[in-house]
Amino acid sequence: MRASQRARGEDVALVDALLSADERRRSSGVRFDELRAEQKALGKLIPKAAGDEKAELLKKASQLAADVKAADAERDAADAETQQLLLQLGNLVHPDVPVGGEEDFVTLETHGTIRDFAAEGFEPKDHLELGQLLGAIDVERGAKVSGSRFYFLTGVGALLELALVNAAMAQATAAGFTPMLTPALVRPQSMAGTGFLGQAAQDVYHLDKDDLYLVGTSEVPLAAYHMDEIIDADRLPLRYAGFSPCFRREAGSHGKDTRGIFRVHQFDKVEMFSYVAPEESQAEHQRLLEWEKQWLTSLELPFRVIDVASADLGASAARKFDCEAWIPTQGKYRELTSTSDCTEFQSRRLSIRVREGKQVRPLATLNGTLCAVPRTIVAILENHQQADGSVRVPEVLRPYLGGREILEPVAE
């Protein structure tokens with residue numbers, strides 16, 4: 001755990017503080033049990049005693065009652081401190097994860113061909129200019145209505161989102177996922193249990209009056225769906241594909257991706273989520289990655305797969321793979337999907353277990369983005385644009401757009 005904390009760039013002393021608190025929790029628990037046993041034994045002697053002996057026993061009983069109460073309080077305080085420190089620790093980093101920060105990822109594979117727009121004889125437009133030509137994106141009115149990093153999808157923009165969501169859900173359903181429409185508001189225990197109230201807390205919207213949180217991903221309600229349940233082993237794997245709005249403060253991103261709809265406060269997403277036996281988690285992680293690659297390939301996008309470095313992992317992830325699509329006007333790959341193996345981290349916090357015969361133990365949870373809509377629209381518009389400002393529709397989306405092959409610019 002110390003090595004994992006070090007790799008994450010987190011406080012190693014937290015581990016020692018946790019061990020100390022846990023030792024106090026256990027020792028105070030033993031003392032409480034011993035005092036309670038003594039108190040019970042004394043309680044049996046008092047009715048049989050008389051005179052000075054009874055007075056002495058009653059005096060001792062009074063002192064024992066105070067000692068039991070103090071030991072109980074000490075045990076509760078140590079237990080609360082232990083739990084509070086446990087919630088601050090991230091998951092154990094997988095030994096194969098590259099150690100380092102955001103730029104220390106390892107590229108695992110590259111797919112597709114990057115277009116040479118110069119050879120085609122025109123300069124590519126960025127997604128916002130294309131979105132405005134197509135009558136698909138309106139950020140000015142989004143800002144007027146809600147503030148910066150909000151937007152309207154209009155006309156073919158709205159239709160393109162619906163096409164993406166339906167196509168993504170069709171792929172997920174064909175792969176055996178159960179489609180889910182999930183709540184966008186969750187209780188604190190759901191958010192904490194999935195690991196989003198630690199280092200990610202600054203990005204979370206909280207409704208103080210109701211003590212509810214707006215989810216940043218449907219991973220949260222999908223993880224909490226089986227909270228406090230025991231699942232029979234023969235039901236695994238359980239796979240869900242959740243569609244939900246997602247809300248993020250984007251704290252610390254001031255000045256980054258301010259143009260267009262790449263980094264926004266509200267967006268829709270189709271998320272894959274799996275419950276598996278712990279020994280199956282690494283194989284399931286690869287399967288989720290393959291489904292993401294299948295999706296991006298069907299959209300005819302050039303992309304690469306990276307193994308995310310240790311200090312860039314979310315608190316709940318033991319390992320994370322990102323698929324990054326090429327964005328022509330930025331001249332670089334940008335994250336479109338990610339998939340995380342959370343091992344037993346979330347299931348322990350949410351008390352989700354698997355029953356195999358007489359054995360009951362925590363299971364493993366995994367998540368994977370299938371389609372984060374705005375970023376996918378950015379990648380489609382920029383990679384499939386044509387010289388006249390029109391955009392070619394990938395074949396996989398055409399059935400969901402009434403057979404439309406080209407998105408045409410609209411008159412002013």
# chains A, B, ... in the order shown; residues from 1 in each chain; ligands from 1

call {"tool": "closest_atom_pairs", "arguments": {"of": "range 169-234 of chain A", "to": "range 265-268 of chain A", "cutoff": "10 Å", "atoms": "only C-alpha atoms", "output": "Markdown table"}}
result
| residue | atom | partner | partner_atom | distance |
| --- | --- | --- | --- | --- |
| A:Asp203 | CA | A:His265 | CA | 9.5 |
| A:Tyr205 | CA | A:His265 | CA | 9.9 |
| A:Gly216 | CA | A:Gln266 | CA | 8.6 |
| A:Thr217 | CA | A:Asp268 | CA | 8.8 |
| A:Ser218 | CA | A:Asp268 | CA | 9.6 |

call {"tool": "select_by_dssp", "arguments": {"residues": "range 81-126 of chain A", "states": "strand (DSSP E)", "output": "list of chain:residue names"}}
result
A:Val106, A:Thr107, A:Leu108, A:Glu109, A:Thr110, A:His111

call {"tool": "select_by_dssp", "arguments": {"residues": "range 338-369 of chain A", "states": "alpha helix (DSSP H)", "output": "ChimeraX atom specification"}}
result
/A:345-350

call {"tool": "residues_around", "arguments": {"residues": "Lys332 in chain A", "least_positions_apart": "2", "cutoff": "12 Å", "atoms": "only C-alpha atoms", "output": "MDAnalysis selection string"}}
result
chainID A and resid 114 302:304 324:330 334:335 379

call {"tool": "residues_around", "arguments": {"residues": "range 98-102 of chain A", "least_positions_apart": "6", "cutoff": "7 Å", "atoms": "only C-alpha atoms", "output": "PyMOL selection string"}}
result
chain A and resi 7+309-312

call {"tool": "closest_residue", "arguments": {"among": "A:Ala77, A:Val93, A:Ala37, A:Leu162", "to": "Arg6 in chain A", "atoms": "only C-alpha atoms"}}
result
A:Val93

call {"tool": "closest_residue", "arguments": {"among": "A:Val186, A:Leu92, A:Val106, A:Met191", "to": "Ala317 in chain A", "atoms": "only C-alpha atoms"}}
result
A:Leu92

call {"tool": "atom_distance", "arguments": {"atom1": "CA of Ala80 in chain A", "atom2": "CA of Glu23 in chain A"}}
result
12.8 Å

call {"tool": "residues_around", "arguments": {"residues": "Leu58 in chain A", "least_positions_apart": "5", "cutoff": "10 Å", "atoms": "only C-alpha atoms", "output": "VMD selection string"}}
result
chain A and resid 42 to 43 45 to 46 49 52 to 53 63 to 64

call {"tool": "closest_atom_pairs", "arguments": {"of": "range 305-381 of chain A", "to": "range 135-153 of chain A", "cutoff": "12 Å", "atoms": "only C-alpha atoms", "output": "CSV"}}
result
residue,atom,partner,partner_atom,distance
A:Val373,CA,A:Leu153,CA,10.8
A:Pro374,CA,A:Leu153,CA,9.3
A:Ile377,CA,A:Ala136,CA,10.1
A:Val378,CA,A:Ile137,CA,10.5
A:Leu381,CA,A:Ala136,CA,10.3

call {"tool": "write_last_selection", "arguments": {"atoms": "all heavy atoms", "output": "compact mmCIF listing (two decimals), in the first residue's frame"}}
result
# COMPACT_ATOMS: atom_id res chain seq x y z
N VAL A 373 -20.68 11.79 -25.52
CA VAL A 373 -21.24 12.37 -26.75
C VAL A 373 -20.50 13.60 -27.29
O VAL A 373 -20.09 13.60 -28.46
CB VAL A 373 -22.75 12.66 -26.58
CG1 VAL A 373 -23.30 13.40 -27.79
CG2 VAL A 373 -23.52 11.35 -26.41
N PRO A 374 -20.30 14.67 -26.51
CA PRO A 374 -19.71 15.87 -27.14
C PRO A 374 -18.33 15.63 -27.75
O PRO A 374 -18.06 16.07 -28.86
CB PRO A 374 -19.63 16.87 -25.98
CG PRO A 374 -20.61 16.39 -24.98
CD PRO A 374 -20.62 14.90 -25.10
N ILE A 377 -18.66 13.80 -30.96
CA ILE A 377 -19.10 14.71 -32.03
C ILE A 377 -17.93 15.54 -32.54
O ILE A 377 -17.77 15.73 -33.75
CB ILE A 377 -20.26 15.60 -31.53
CG1 ILE A 377 -21.54 14.75 -31.37
CG2 ILE A 377 -20.51 16.77 -32.49
CD1 ILE A 377 -22.73 15.51 -30.80
N VAL A 378 -17.09 16.04 -31.61
CA VAL A 378 -15.89 16.80 -32.00
C VAL A 378 -15.05 15.98 -32.98
O VAL A 378 -14.65 16.46 -34.04
CB VAL A 378 -15.05 17.17 -30.76
CG1 VAL A 378 -13.69 17.73 -31.17
CG2 VAL A 378 -15.79 18.20 -29.90
N LEU A 381 -16.90 15.33 -36.48
CA LEU A 381 -16.95 16.52 -37.34
C LEU A 381 -15.58 16.83 -37.94
O LEU A 381 -15.46 17.08 -39.15
CB LEU A 381 -17.47 17.74 -36.57
CG LEU A 381 -18.92 17.70 -36.06
CD1 LEU A 381 -19.28 19.03 -35.41
CD2 LEU A 381 -19.90 17.37 -37.17

call {"tool": "atom_distance", "arguments": {"atom1": "CA of Phe32 in chain A", "atom2": "CA of Glu81 in chain A"}}
result
17.4 Å

call {"tool": "closest_residue", "arguments": {"among": "A:Ala372, A:Ile230, A:Leu313, A:Val97", "to": "Glu292 in chain A", "atoms": "only C-alpha atoms"}}
result
A:Ala372

call {"tool": "closest_residue", "arguments": {"among": "A:Glu74, A:Val308, A:Ser4, A:Glu56", "to": "Gly29 in chain A", "atoms": "only C-alpha atoms"}}
result
A:Glu74

call {"tool": "closest_residue", "arguments": {"among": "A:Ser316, A:Ser338, A:Gln132, A:Thr365", "to": "Gly260 in chain A", "atoms": "only C-alpha atoms"}}
result
A:Gln132

call {"tool": "closest_residue", "arguments": {"among": "A:Leu366, A:Ala224, A:Leu197, A:Leu301", "to": "Met272 in chain A", "atoms": "only C-alpha atoms"}}
result
A:Leu366
